[in-house]
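S.K.: Dropping a structure here in structure tokens format, bear with me for questions.
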Amino acid sequence: MSNLQRNTETPSVQPIRNTTFGTFSRSTRRYTPFTKTPKSRRLCISTAVRDIHRTPTPSQQTVDFKGLTNKTWKVYRLTPLYRFSAETKDQKWYGRLLSSHIETENQKSFVLDEDIPEKAIFSWYKGLKVGPDDEEALQIIIKGKSRNGNGVDVIVLTAFLLCVDLEDNPVDKELQQHFTYYPVMIVKGPVHSQNILTSWLERQFDCRVNPSTFSSLQLACIVAMWSGLCTKPIQKSKQVELLYKVPAECEGMSKITYSLCAQDCKDLWDSIHDSGSDEFTEVETQTFIRSIESHFYYYSKFDSLSIESHFYYYSKIRLSAMQLYRVGTPVMMLGSEGRLKIFSSQHALIILRHLTELSVEKFVP
Amino acid sequence: METLIVQNVLRRCRVSDIPKLLNEWNCSEVQIDKSQTKGEIIRDIIELYSDDLTATKAGDLQLIYATKFPEKRKWSCFHLSGGQDSEHKLDPWKLMKDLKKQLPLHFGRLKSETYVSGRIVDGALWMWAYVKQSDKFQSSSTIMFVYYPRTPYIFINHFRAKLQEPFMECLVYTFGYSKLTNMQLTGTHLESLLQLALNKDSQGSFSRFRLKKVQAAPLSTKMPLKRKEPDYEPNPSIICENSRNKRRKLEILDNTFGTEAQPVLEEVEYKLEVRFRGSEHVPAMVNRAQPFRCKFKFEGPAVLDGIKNLGKSGLATVPLPSILTSVSSKARNHFVLQDSSLADKSATRLSQQ
């Protein structure tokens, strides 16, 4: 059964279609059984590693994932890279190849108002290799000239190819020596440079790079799962936030922002989640979101899961019928179009692990 | 600094709007070379006027821009109350003269220079003031407000909190009232804000008579039907099974909102500090004594119409709760809701700040 489910690709979320039908079919999808949803999600990284975290060694504590946190990333998913060499000496060669690719692309197109990319540098990013199947994270930096034309060197684009705590490698055993699997790539930089990078990756390693999108269901899962994760002390400014897009047929209103106090949200989460378990189940997710949405409904009569139920109670508005567009918790923020921001370095591993998991689910070998 | 103000204004507007703006400002015709970039045009204009440019004059340009495009700014509505009738409320010209004198006096204690400029457009008084606190131009030190004579309401643009106190004092003193209160009503559409502030009591079906006046030529158009027919041709083979429910829903909505388009508001916000109401799903939360703090914010080009449409499209259950329908009659769009007492289970009230 699980094999059968694995082959049915989750319908990825496309940008809003302005038809009544489109918006509705998608919003209702959250409760329909046609999407593949695992019964539960792991809340932490593999047991072996977690044990290490419980008794932290000095080296483990110092990992602060510099350069990863407090930046807005665009999330991509990748298919396995063919003939990717993990040797350090080849990185220089890749850097040269990408630089020359950038040069040809620069000659082909004329870019206004953007920094001009020039030189690519490949390097390993330590600290993200957790499981036995993981590849060491690869960092790609593209340097270039700033757009003002004063010749100052700036970093135009930063990208990470990640694989955090891969549970079972979907690539066949015999093929694994030819294929290196990085399920997730996060990129920060102008669109033009992003296109250059993805096109080079696709050509060089015979892979496919797709922008990652997240359905309302996945976002609801994420917000329910991570509302309980907080950095201490809880910052007052960081709230749990759910942004809903109102269907186009309802003119006059475009979005509903529903923000909750992080501390109160954690209390709710604690009362739902079984503290002995490392997994967050689907039922727990549904309870959490339903209750919040019904709280909102009470006040606005609009309907929505425990968060959504709180909302429904007050507003009588059915939040569950709308598309969940962006979610934020004190540790991270994720938009349905794949915009990611991590606030807490302490939870970076857990967040990236989940993204890896979601990306692997979409991968069809 | 003067040039920075002019630059700031011109950068904001479209190239096609620049000649109109300058014409009103300096009564001079300016030819614009379409082949130039906007930056070059702005540089040329500043060069042209730099000889006799003063801060007040530059402020005048900013004020003209604000009167032409009031929707580019966010206005908060304040209520003036207490005090006798004075001639000020009737004569905007006299009021402007007094304000020009009073504002520098009140800001004098901040030890900073103040520039004031004013205009009267369609009977309403528009004032601009800039409190110079450093050599750089800071847009947050610019105060702009609109007053419609004979109304107790004043619309103020957002500015630095430090300047708030002397400014409020000055207004209360000059207008001859004793109190100035924030109505928690904000928006970009001035006309709608005034409409909401002035006509609190005419929400519902009666608002038809009031809102119709807004139309450009009310007599030349045919009376609109009470409910508009749907645009598409109904398919005779499709039978709506709950047409009675639908009609009932529309009736309820029209009773609460009226049939005309509602005044324009860009956001309505509720802060809730109430008991958790989703406990049917989470029984463990029933005995929680502390309030569950959260915030709803509705945004869109016309939120009041949006709320009505939510009910119409079935996304919200009709009748809507009073917190959503009473925005017009409360004339505010920022609410704080609190349980009157946690013992009293269902009672919540709209707290009056």
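Identifiers in the structure tokens: chain A, B, ... in order shown; residue index from 1 per chain; ligand index from 1 in order shown.
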Within 6 Å of chain B, which residues of chain A show up when using only C-alpha atoms, listed as a PyMOL selection string?
M.R.: chain A and resi 250-261+264+287+291-292+294-295+300-302+306+309-310+313+316-318
S.K.: Could you list, as a list in words, every residue within 9 Å of Glu71 in chain B, counting only C-alpha atoms and ignoring same-chain residues fewer than 4 positions away?
M.R.: Ala66, Trp75, Gly187, Thr188, His189 and Leu190 of chain B
S.K.: Please measure the separation of CA of Gln218 in chain A and CA of Leu355 in chain A, giving the value in Å to one decimal.
M.R.: 10.4 Å
S.K.: Just the helix (DSSP H, G or I) stuff from range 84-224 of chain B, please, per backbone DSSP, written as a PyMOL selection string.
M.R.: chain B and resi 87-89+92-110+139-141+161-175+190-198+207-212
S.K.: Could you please determine the separation between CA of Leu78 in chain A and CA of Ala224 in chain A in Å, to one decimal place?
M.R.: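 Between these atoms lies a distance of 26.4 Å.
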S.K.: Wanna dump the range 164-253 of chain A-range 128-140 of chain A contacts at 7 Å for me, each residue with its shortest atom pair and the distance in Å to one decimal, counting only C-alpha atoms, ordered by chain and number, as CSV?
M.R.:
```
residue,atom,partner,partner_atom,distance
A:Val164,CA,A:Lys129,CA,6.1
A:Asp165,CA,A:Gly131,CA,4.5
A:Leu166,CA,A:Asp134,CA,5.9
A:Asn169,CA,A:Asp133,CA,7.0
```
S.K.: Counting only C-alpha atoms, what is within 10 Å of Glu29 in chain B, bar same-chain residues fewer than 4 positions away, as an NGL selection string?
M.R.: :B and (19-20 or 22-24)
S.K.: Write a file of the just-selected residues containing C-alpha atoms, as a short mmCIF file (atom, residue, chain, number, x, y, z; two decimals), in the first residue's frame.
M.R.:
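Writing the result to out-v1.cif gives the following:
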```
data_model
loop_
_atom_site.label_atom_id
_atom_site.label_comp_id
_atom_site.auth_asym_id
_atom_site.auth_seq_id
_atom_site.Cartn_x
_atom_site.Cartn_y
_atom_site.Cartn_z
CA PRO B 19 3.69 69.10 -15.16
CA LYS B 20 0.24 69.34 -13.54
CA LEU B 22 4.36 72.04 -10.96
CA ASN B 23 1.75 74.15 -12.68
CA GLU B 24 -0.30 74.36 -9.52
#
```
S.K.: Within 9 Å of range 198-202 of chain B, counting only C-alpha atoms, which residues show up once you throw out same-chain ones fewer than 4 positions away? Write them as a JSON list (two decimals) with C-alpha atoms, in the first residue's frame, please.
M.R.:
```
[["chain", "number", "residue", "atom", "x", "y", "z"],
["B", 151, "THR", "CA", -17.10, 68.78, 11.85],
["B", 152, "PRO", "CA", -15.49, 67.63, 15.09],
["B", 153, "TYR", "CA", -13.15, 65.29, 13.18],
["B", 193, "LEU", "CA", -13.36, 57.81, 6.68],
["B", 194, "LEU", "CA", -15.36, 61.01, 6.95],
["B", 206, "PHE", "CA", -31.23, 53.16, 5.68],
["B", 207, "SER", "CA", -27.67, 53.79, 4.49],
["B", 210, "ARG", "CA", -26.88, 58.35, 2.43],
["B", 328, "SER", "CA", -19.63, 51.09, 10.46],
["B", 329, "SER", "CA", -21.70, 51.98, 13.47],
["B", 330, "LYS", "CA", -18.71, 51.93, 15.81],
["B", 331, "ALA", "CA", -16.74, 54.05, 13.31]]
```
S.K.: So which residues of range 42-122 of chain B fall under strand (DSSP E or B) by DSSP, listed as a ChimeraX atom specification?
M.R.: /B:75-81,114-121
S.K.: How about saving the chosen residues, C-alpha atoms kept, as an mmCIF file, in the first residue's frame?
M.R.:
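Produced file out.cif, reproduced below:
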```cif
data_model
loop_
_atom_site.group_PDB
_atom_site.id
_atom_site.type_symbol
_atom_site.label_atom_id
_atom_site.label_comp_id
_atom_site.auth_asym_id
_atom_site.auth_seq_id
_atom_site.Cartn_x
_atom_site.Cartn_y
_atom_site.Cartn_z
ATOM 1 C CA TRP B 75 -4.813 58.801 7.789
ATOM 2 C CA SER B 76 -5.975 58.338 11.356
ATOM 3 C CA CYS B 77 -9.179 59.915 12.520
ATOM 4 C CA PHE B 78 -9.258 61.965 15.737
ATOM 5 C CA HIS B 79 -12.314 63.310 17.529
ATOM 6 C CA LEU B 80 -12.349 66.796 19.005
ATOM 7 C CA SER B 81 -14.738 67.175 21.912
ATOM 8 C CA THR B 114 9.279 74.552 12.324
ATOM 9 C CA TYR B 115 8.006 75.257 8.833
ATOM 10 C CA VAL B 116 4.292 75.483 8.187
ATOM 11 C CA SER B 117 2.251 75.638 5.036
ATOM 12 C CA GLY B 118 -1.474 75.399 4.396
ATOM 13 C CA ARG B 119 -4.053 75.202 1.608
ATOM 14 C CA ILE B 120 -7.790 75.141 1.290
ATOM 15 C CA VAL B 121 -9.138 72.616 -1.174
#
```
S.K.: Find, counting only C-alpha atoms, the residue in B:Ala289, B:Leu63, B:Asp122, B:Gln262 that gets nearest to Thr142 in chain B.
M.R.: B:Leu63
S.K.: For Cys207 in chain A, please output as a list in words all residues within 12 Å (counting only C-alpha atoms; exclusion window: fewer than 5 positions along the same chain).
M.R.: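 Using only C-alpha atoms, the neighbours found are Arg77, Leu78, Thr79, Pro80, Leu81, Tyr82, Arg83, Phe84, Phe179, Thr180, Tyr181, Tyr182, Pro183, Thr198, Ser199, Trp200, Leu201 and Glu202 of chain A.
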S.K.: Using CA of Val327 in chain B and CA of Leu180 in chain B as the two end points, give the distance in Å to one decimal.
M.R.: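 Spanning CA of Val327 in chain B to CA of Leu180 in chain B is a straight-line distance of 21.2 Å.
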S.K.: My list of candidates is B:Met127, B:Leu4, B:Val172, B:Ala197. Which is closest to Ile64 in chain B when distances are computed with only C-alpha atoms?
M.R.: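 When distances to Ile64 in chain B are compared using only C-alpha atoms, the smallest one comes from B:Met127.
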